[in-house]
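See below for structure.txt, which holds compact mmCIF, N, CA and C atoms.
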# COMPACT_ATOMS: atom_id res chain seq x y z
N ALA A 1 98.81 -191.30 126.31
CA ALA A 1 97.93 -190.89 127.39
C ALA A 1 97.55 -189.42 127.25
N ALA A 2 98.49 -188.58 126.79
CA ALA A 2 98.18 -187.15 126.62
C ALA A 2 97.10 -186.96 125.56
N GLN A 3 97.09 -187.82 124.54
CA GLN A 3 96.09 -187.71 123.48
C GLN A 3 94.68 -187.97 124.00
N THR A 4 94.57 -188.75 125.06
CA THR A 4 93.26 -189.04 125.63
C THR A 4 92.88 -188.04 126.71
N GLY A 5 93.74 -187.08 126.99
CA GLY A 5 93.44 -186.03 127.95
C GLY A 5 93.79 -186.35 129.39
N HIS A 6 94.65 -187.34 129.62
CA HIS A 6 95.08 -187.67 130.98
C HIS A 6 95.87 -186.49 131.54
N ALA A 7 95.40 -185.93 132.65
CA ALA A 7 95.97 -184.70 133.21
C ALA A 7 97.46 -184.82 133.49
N GLY A 8 97.89 -185.91 134.10
CA GLY A 8 99.31 -186.08 134.41
C GLY A 8 100.16 -186.14 133.15
N ALA A 9 99.66 -186.81 132.14
CA ALA A 9 100.39 -186.91 130.87
C ALA A 9 100.47 -185.54 130.19
N LEU A 10 99.41 -184.76 130.28
CA LEU A 10 99.43 -183.42 129.69
C LEU A 10 100.45 -182.53 130.38
N VAL A 11 100.53 -182.63 131.70
CA VAL A 11 101.52 -181.84 132.43
C VAL A 11 102.93 -182.27 132.05
N ASN A 12 103.15 -183.57 131.92
CA ASN A 12 104.47 -184.06 131.51
C ASN A 12 104.82 -183.59 130.10
N LEU A 13 103.86 -183.65 129.19
CA LEU A 13 104.09 -183.18 127.84
C LEU A 13 104.38 -181.68 127.84
N SER A 14 103.64 -180.96 128.64
CA SER A 14 103.85 -179.53 128.77
C SER A 14 105.28 -179.23 129.22
N ALA A 15 105.76 -180.02 130.17
CA ALA A 15 107.12 -179.80 130.70
C ALA A 15 108.18 -179.95 129.63
N THR A 16 107.93 -180.80 128.63
CA THR A 16 108.92 -180.95 127.56
C THR A 16 109.08 -179.65 126.80
N TYR A 17 107.98 -178.93 126.59
CA TYR A 17 108.05 -177.64 125.89
C TYR A 17 108.52 -176.51 126.80
N LEU A 18 108.10 -176.53 128.04
CA LEU A 18 108.49 -175.46 128.96
C LEU A 18 109.96 -175.53 129.32
N ASN A 19 110.51 -176.75 129.38
CA ASN A 19 111.89 -176.95 129.83
C ASN A 19 112.83 -177.41 128.73
N GLU A 20 112.36 -177.39 127.47
CA GLU A 20 113.18 -177.73 126.31
C GLU A 20 113.81 -179.13 126.46
N ARG A 21 112.96 -180.11 126.68
CA ARG A 21 113.42 -181.50 126.82
C ARG A 21 113.10 -182.28 125.56
N GLY A 22 114.02 -182.33 124.66
CA GLY A 22 113.85 -183.10 123.43
C GLY A 22 113.08 -182.38 122.34
N VAL A 23 112.57 -181.19 122.64
CA VAL A 23 111.87 -180.37 121.66
C VAL A 23 112.32 -178.92 121.84
N GLU A 24 112.04 -178.12 120.83
CA GLU A 24 112.38 -176.71 120.93
C GLU A 24 111.49 -176.05 122.00
N LYS A 25 112.07 -175.19 122.80
CA LYS A 25 111.33 -174.52 123.87
C LYS A 25 110.19 -173.70 123.28
N ASP A 26 109.00 -173.90 123.82
CA ASP A 26 107.81 -173.18 123.35
C ASP A 26 106.89 -172.98 124.55
N LEU A 27 107.03 -171.84 125.20
CA LEU A 27 106.29 -171.58 126.43
C LEU A 27 104.78 -171.53 126.19
N GLU A 28 104.37 -170.94 125.08
CA GLU A 28 102.94 -170.85 124.79
C GLU A 28 102.34 -172.24 124.59
N LYS A 29 103.03 -173.07 123.84
CA LYS A 29 102.53 -174.44 123.60
C LYS A 29 102.53 -175.23 124.91
N GLY A 30 103.55 -175.01 125.72
CA GLY A 30 103.61 -175.68 127.01
C GLY A 30 102.40 -175.35 127.88
N LEU A 31 102.02 -174.08 127.90
CA LEU A 31 100.87 -173.68 128.70
C LEU A 31 99.56 -174.17 128.09
N GLU A 32 99.51 -174.33 126.77
CA GLU A 32 98.31 -174.89 126.13
C GLU A 32 97.98 -176.26 126.70
N TYR A 33 99.00 -177.05 126.99
CA TYR A 33 98.79 -178.39 127.55
C TYR A 33 98.43 -178.33 129.03
N GLN A 34 98.77 -177.24 129.69
CA GLN A 34 98.44 -177.10 131.11
C GLN A 34 96.95 -176.84 131.32
N ARG A 35 96.32 -176.12 130.40
CA ARG A 35 94.92 -175.72 130.60
C ARG A 35 93.96 -176.89 130.79
N PRO A 36 93.96 -177.89 129.89
CA PRO A 36 93.03 -179.00 130.13
C PRO A 36 93.36 -179.79 131.39
N ALA A 37 94.63 -179.85 131.75
CA ALA A 37 95.00 -180.54 132.99
C ALA A 37 94.48 -179.77 134.20
N ALA A 38 94.55 -178.44 134.14
CA ALA A 38 94.03 -177.62 135.23
C ALA A 38 92.51 -177.79 135.36
N GLU A 39 91.84 -177.94 134.24
CA GLU A 39 90.39 -178.15 134.27
C GLU A 39 90.05 -179.48 134.96
N GLU A 40 91.00 -180.42 134.93
CA GLU A 40 90.83 -181.70 135.61
C GLU A 40 91.34 -181.61 137.05
N VAL A 41 91.60 -180.40 137.51
CA VAL A 41 92.05 -180.09 138.87
C VAL A 41 93.40 -180.75 139.17
N HIS A 42 94.32 -180.65 138.24
CA HIS A 42 95.68 -181.13 138.46
C HIS A 42 96.46 -180.01 139.14
N LEU A 43 96.96 -180.28 140.33
CA LEU A 43 97.60 -179.28 141.18
C LEU A 43 98.71 -178.52 140.47
N ILE A 44 99.62 -179.23 139.85
CA ILE A 44 100.77 -178.58 139.19
C ILE A 44 100.30 -177.67 138.06
N ALA A 45 99.35 -178.15 137.27
CA ALA A 45 98.83 -177.34 136.16
C ALA A 45 98.15 -176.08 136.68
N MET A 46 97.37 -176.22 137.73
CA MET A 46 96.68 -175.07 138.29
C MET A 46 97.68 -174.04 138.83
N PHE A 47 98.70 -174.52 139.52
CA PHE A 47 99.73 -173.63 140.05
C PHE A 47 100.48 -172.95 138.91
N ASN A 48 100.87 -173.72 137.90
CA ASN A 48 101.63 -173.15 136.78
C ASN A 48 100.83 -172.07 136.04
N LEU A 49 99.55 -172.31 135.83
CA LEU A 49 98.73 -171.32 135.15
C LEU A 49 98.52 -170.08 136.02
N ALA A 50 98.29 -170.28 137.30
CA ALA A 50 98.14 -169.13 138.19
C ALA A 50 99.41 -168.28 138.17
N TYR A 51 100.55 -168.94 138.24
CA TYR A 51 101.83 -168.24 138.21
C TYR A 51 102.02 -167.50 136.89
N ALA A 52 101.67 -168.16 135.77
CA ALA A 52 101.83 -167.54 134.45
C ALA A 52 100.98 -166.28 134.34
N TYR A 53 99.74 -166.35 134.83
CA TYR A 53 98.87 -165.17 134.76
C TYR A 53 99.32 -164.08 135.73
N LEU A 54 99.89 -164.43 136.86
CA LEU A 54 100.41 -163.42 137.79
C LEU A 54 101.65 -162.74 137.23
N GLU A 55 102.51 -163.53 136.62
CA GLU A 55 103.77 -163.00 136.11
C GLU A 55 103.59 -162.23 134.81
N GLY A 56 102.79 -162.79 133.90
CA GLY A 56 102.51 -162.11 132.64
C GLY A 56 103.61 -162.16 131.60
N SER A 57 104.55 -163.08 131.71
CA SER A 57 105.63 -163.13 130.72
C SER A 57 105.29 -164.01 129.52
N VAL A 58 104.48 -165.04 129.72
CA VAL A 58 104.11 -165.95 128.62
C VAL A 58 102.72 -165.62 128.10
N VAL A 59 101.83 -165.34 129.00
CA VAL A 59 100.47 -164.93 128.65
C VAL A 59 100.27 -163.52 129.18
N GLU A 60 99.24 -162.86 128.70
CA GLU A 60 98.95 -161.51 129.20
C GLU A 60 98.67 -161.58 130.70
N LYS A 61 99.24 -160.65 131.44
CA LYS A 61 99.05 -160.63 132.88
C LYS A 61 97.57 -160.40 133.19
N GLU A 62 97.00 -161.34 133.91
CA GLU A 62 95.59 -161.24 134.29
C GLU A 62 95.44 -161.74 135.72
N ASN A 63 95.49 -160.82 136.65
CA ASN A 63 95.38 -161.19 138.06
C ASN A 63 94.07 -161.91 138.35
N ARG A 64 93.02 -161.52 137.66
CA ARG A 64 91.71 -162.14 137.89
C ARG A 64 91.73 -163.63 137.56
N LYS A 65 92.35 -163.99 136.43
CA LYS A 65 92.45 -165.40 136.07
C LYS A 65 93.33 -166.15 137.05
N ALA A 66 94.41 -165.52 137.48
CA ALA A 66 95.30 -166.15 138.45
C ALA A 66 94.55 -166.45 139.73
N VAL A 67 93.77 -165.50 140.17
CA VAL A 67 93.01 -165.67 141.41
C VAL A 67 91.99 -166.80 141.27
N GLU A 68 91.39 -166.93 140.09
CA GLU A 68 90.44 -168.02 139.86
C GLU A 68 91.08 -169.38 140.14
N TYR A 69 92.29 -169.57 139.62
CA TYR A 69 92.99 -170.84 139.85
C TYR A 69 93.40 -170.98 141.32
N VAL A 70 93.89 -169.90 141.90
CA VAL A 70 94.35 -169.95 143.28
C VAL A 70 93.20 -170.26 144.24
N ARG A 71 92.03 -169.71 143.97
CA ARG A 71 90.87 -169.95 144.85
C ARG A 71 90.42 -171.40 144.83
N LEU A 72 90.65 -172.09 143.74
CA LEU A 72 90.25 -173.50 143.66
C LEU A 72 91.17 -174.41 144.48
N LEU A 73 92.41 -174.02 144.64
CA LEU A 73 93.39 -174.89 145.28
C LEU A 73 93.03 -175.30 146.70
N PRO A 74 92.67 -174.36 147.60
CA PRO A 74 92.33 -174.82 148.95
C PRO A 74 91.06 -175.66 148.98
N LYS A 75 90.14 -175.40 148.06
CA LYS A 75 88.91 -176.19 148.00
C LYS A 75 89.22 -177.64 147.63
N LYS A 76 90.33 -177.84 146.96
CA LYS A 76 90.74 -179.19 146.57
C LYS A 76 91.79 -179.76 147.51
N GLY A 77 91.99 -179.10 148.65
CA GLY A 77 92.91 -179.61 149.66
C GLY A 77 94.34 -179.17 149.47
N HIS A 78 94.57 -178.08 148.76
CA HIS A 78 95.93 -177.64 148.47
C HIS A 78 96.21 -176.25 149.06
N ALA A 79 95.83 -176.05 150.30
CA ALA A 79 96.01 -174.76 150.96
C ALA A 79 97.48 -174.36 151.04
N LYS A 80 98.38 -175.32 151.21
CA LYS A 80 99.81 -175.02 151.33
C LYS A 80 100.33 -174.30 150.08
N VAL A 81 99.83 -174.67 148.93
CA VAL A 81 100.25 -174.02 147.69
C VAL A 81 99.82 -172.55 147.68
N VAL A 82 98.61 -172.29 148.14
CA VAL A 82 98.12 -170.91 148.20
C VAL A 82 98.97 -170.09 149.14
N ILE A 83 99.34 -170.65 150.27
CA ILE A 83 100.21 -169.94 151.22
C ILE A 83 101.55 -169.62 150.58
N ASN A 84 102.12 -170.59 149.87
CA ASN A 84 103.40 -170.36 149.20
C ASN A 84 103.30 -169.27 148.14
N MET A 85 102.21 -169.25 147.39
CA MET A 85 102.03 -168.19 146.39
C MET A 85 101.89 -166.84 147.08
N GLY A 86 101.20 -166.81 148.21
CA GLY A 86 101.07 -165.57 148.96
C GLY A 86 102.42 -165.06 149.44
N LEU A 87 103.29 -165.95 149.85
CA LEU A 87 104.63 -165.56 150.28
C LEU A 87 105.44 -165.03 149.11
N MET A 88 105.24 -165.60 147.92
CA MET A 88 105.98 -165.14 146.74
C MET A 88 105.54 -163.75 146.32
N TYR A 89 104.24 -163.47 146.41
CA TYR A 89 103.71 -162.21 145.89
C TYR A 89 103.19 -161.27 146.96
N GLY A 90 103.36 -161.66 148.24
CA GLY A 90 102.81 -160.86 149.34
C GLY A 90 103.53 -159.61 149.63
For the file at hand, write its structure as structure tokens.
Amino acid sequence: AAQTGHAGALVNLSATYLNERGVEKDLEKGLEYQRPAAEEVHLIAMFNLAYAYLEGSVVEKENRKAVEYVRLLPKKGHAKVVINMGLMYG
């Protein structure tokens, strides 16, 4: 399913690399799988990428990119996630 671009499958595959489940941990590769899922408006992928860009430990810190993902969340009915991110970084 991940090969066909199914967003949920991409997030699951990403988790194997991010959490070292059966493969060597590779944060960059894990985030590579998150991007197409986020483009399909997958909540977890969007949150993970926003967090990665805010934190800047895996990818270069880019608040602007993080905000792009965060702004899409309430438009897709995920306002609670935006509130939680605000509490984390507020």
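In this comparison, which uses only N, CA and C atoms, the residue of A:Val70, A:Arg21, A:His6, A:Arg64 approaching Met46 of chain A most closely is A:Val70.
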Problem set entry | Separation of atom N of Leu31 of chain A from atom CA of Asn19 of chain A in Å | 10.5 Å
Problem set entry | Shell around Leu49 of chain A at 9 Å using only C-alpha atoms, local window under 4 positions removed, as a PyMOL selection string | chain A and resi 31+34-35+38+44-45+53-54+65-66+69
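Each of A:Leu10, A:Asp26, A:Thr16, A:Leu73 was checked against Phe47 of chain A using all atoms listed in the file; the smallest atom-to-atom distance is that of A:Leu73.
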Exercise. Pick the closest to Glu28 of chain A from A:Val59, A:Leu13, A:Asn48, A:Gly8: which is it, counting only N, CA and C atoms?
Worked result: A:Val59
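In this structure, atom CA of Glu55 of chain A sits 22.7 Å away from atom CA of Glu40 of chain A.
The space separating atom C of Val41 of chain A from atom CA of Ala7 of chain A comes to 7.6 Å.
Distances here use all atoms listed in the file; by that measure, the residue among A:Val11, A:Ala52, A:Val67, A:Leu72 closest to Pro36 of chain A is A:Val11.
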Find the smallest box with edges along x, y and z containing every listed atom of segment 48-62 of chain A, then add 4 Å on each side and report centre and edge lengths in Å to one decimal, as JSON.
{"center_x": 100.5, "center_y": -167.1, "center_z": 133.2, "size_x": 18.2, "size_y": 21.3, "size_z": 18.1}
Problem set entry | helix (DSSP H, G or I) call set, DSSP backbone run, segment 15-74 of chain A, as a ChimeraX atom specification | /A:15-18,27-39,43-55,63-74
Would you mind writing segment 18-39 of chain A with N, CA, C and O atoms, as an mmCIF file, in the frame of the given file?
data_model
loop_
_atom_site.group_PDB
_atom_site.id
_atom_site.type_symbol
_atom_site.label_atom_id
_atom_site.label_comp_id
_atom_site.auth_asym_id
_atom_site.auth_seq_id
_atom_site.Cartn_x
_atom_site.Cartn_y
_atom_site.Cartn_z
ATOM 1 N N LEU A 18 108.100 -176.530 128.040
ATOM 2 C CA LEU A 18 108.490 -175.460 128.960
ATOM 3 C C LEU A 18 109.960 -175.530 129.320
ATOM 4 O O LEU A 18 110.608 -174.510 129.546
ATOM 5 N N ASN A 19 110.510 -176.750 129.380
ATOM 6 C CA ASN A 19 111.890 -176.950 129.830
ATOM 7 C C ASN A 19 112.830 -177.410 128.730
ATOM 8 O O ASN A 19 113.959 -177.806 129.019
ATOM 9 N N GLU A 20 112.360 -177.390 127.470
ATOM 10 C CA GLU A 20 113.180 -177.730 126.310
ATOM 11 C C GLU A 20 113.810 -179.130 126.460
ATOM 12 O O GLU A 20 115.016 -179.299 126.368
ATOM 13 N N ARG A 21 112.960 -180.110 126.680
ATOM 14 C CA ARG A 21 113.420 -181.500 126.820
ATOM 15 C C ARG A 21 113.100 -182.280 125.560
ATOM 16 O O ARG A 21 112.000 -182.802 125.398
ATOM 17 N N GLY A 22 114.020 -182.330 124.660
ATOM 18 C CA GLY A 22 113.850 -183.100 123.430
ATOM 19 C C GLY A 22 113.080 -182.380 122.340
ATOM 20 O O GLY A 22 112.907 -182.897 121.247
ATOM 21 N N VAL A 23 112.570 -181.190 122.640
ATOM 22 C CA VAL A 23 111.870 -180.370 121.660
ATOM 23 C C VAL A 23 112.320 -178.920 121.840
ATOM 24 O O VAL A 23 112.891 -178.561 122.867
ATOM 25 N N GLU A 24 112.040 -178.120 120.830
ATOM 26 C CA GLU A 24 112.380 -176.710 120.930
ATOM 27 C C GLU A 24 111.490 -176.050 122.000
ATOM 28 O O GLU A 24 110.301 -176.345 122.098
ATOM 29 N N LYS A 25 112.070 -175.190 122.800
ATOM 30 C CA LYS A 25 111.330 -174.520 123.870
ATOM 31 C C LYS A 25 110.190 -173.700 123.280
ATOM 32 O O LYS A 25 110.388 -172.928 122.350
ATOM 33 N N ASP A 26 109.000 -173.900 123.820
ATOM 34 C CA ASP A 26 107.810 -173.180 123.350
ATOM 35 C C ASP A 26 106.890 -172.980 124.550
ATOM 36 O O ASP A 26 106.088 -173.844 124.882
ATOM 37 N N LEU A 27 107.030 -171.840 125.200
ATOM 38 C CA LEU A 27 106.290 -171.580 126.430
ATOM 39 C C LEU A 27 104.780 -171.530 126.190
ATOM 40 O O LEU A 27 104.002 -172.024 127.000
ATOM 41 N N GLU A 28 104.370 -170.940 125.080
ATOM 42 C CA GLU A 28 102.940 -170.850 124.790
ATOM 43 C C GLU A 28 102.340 -172.240 124.590
ATOM 44 O O GLU A 28 101.268 -172.548 125.113
ATOM 45 N N LYS A 29 103.030 -173.070 123.840
ATOM 46 C CA LYS A 29 102.530 -174.440 123.600
ATOM 47 C C LYS A 29 102.530 -175.230 124.910
ATOM 48 O O LYS A 29 101.609 -176.001 125.179
ATOM 49 N N GLY A 30 103.550 -175.010 125.720
ATOM 50 C CA GLY A 30 103.610 -175.680 127.010
ATOM 51 C C GLY A 30 102.400 -175.350 127.880
ATOM 52 O O GLY A 30 101.799 -176.221 128.485
ATOM 53 N N LEU A 31 102.020 -174.080 127.900
ATOM 54 C CA LEU A 31 100.870 -173.680 128.700
ATOM 55 C C LEU A 31 99.560 -174.170 128.090
ATOM 56 O O LEU A 31 98.601 -174.423 128.817
ATOM 57 N N GLU A 32 99.510 -174.330 126.770
ATOM 58 C CA GLU A 32 98.310 -174.890 126.130
ATOM 59 C C GLU A 32 97.980 -176.260 126.700
ATOM 60 O O GLU A 32 96.811 -176.599 126.873
ATOM 61 N N TYR A 33 99.000 -177.050 126.990
ATOM 62 C CA TYR A 33 98.790 -178.390 127.550
ATOM 63 C C TYR A 33 98.430 -178.330 129.030
ATOM 64 O O TYR A 33 97.843 -179.269 129.564
ATOM 65 N N GLN A 34 98.770 -177.240 129.690
ATOM 66 C CA GLN A 34 98.440 -177.100 131.110
ATOM 67 C C GLN A 34 96.950 -176.840 131.320
ATOM 68 O O GLN A 34 96.373 -177.312 132.307
ATOM 69 N N ARG A 35 96.320 -176.120 130.400
ATOM 70 C CA ARG A 35 94.920 -175.720 130.600
ATOM 71 C C ARG A 35 93.960 -176.890 130.790
ATOM 72 O O ARG A 35 93.207 -176.908 131.759
ATOM 73 N N PRO A 36 93.960 -177.890 129.890
ATOM 74 C CA PRO A 36 93.030 -179.000 130.130
ATOM 75 C C PRO A 36 93.360 -179.790 131.390
ATOM 76 O O PRO A 36 92.453 -180.314 132.049
ATOM 77 N N ALA A 37 94.630 -179.850 131.750
ATOM 78 C CA ALA A 37 95.000 -180.540 132.990
ATOM 79 C C ALA A 37 94.480 -179.770 134.200
ATOM 80 O O ALA A 37 93.997 -180.354 135.161
ATOM 81 N N ALA A 38 94.550 -178.440 134.140
ATOM 82 C CA ALA A 38 94.030 -177.620 135.230
ATOM 83 C C ALA A 38 92.510 -177.790 135.360
ATOM 84 O O ALA A 38 91.979 -177.803 136.467
ATOM 85 N N GLU A 39 91.840 -177.940 134.240
ATOM 86 C CA GLU A 39 90.390 -178.150 134.270
ATOM 87 C C GLU A 39 90.050 -179.480 134.960
ATOM 88 O O GLU A 39 88.970 -179.626 135.516
#
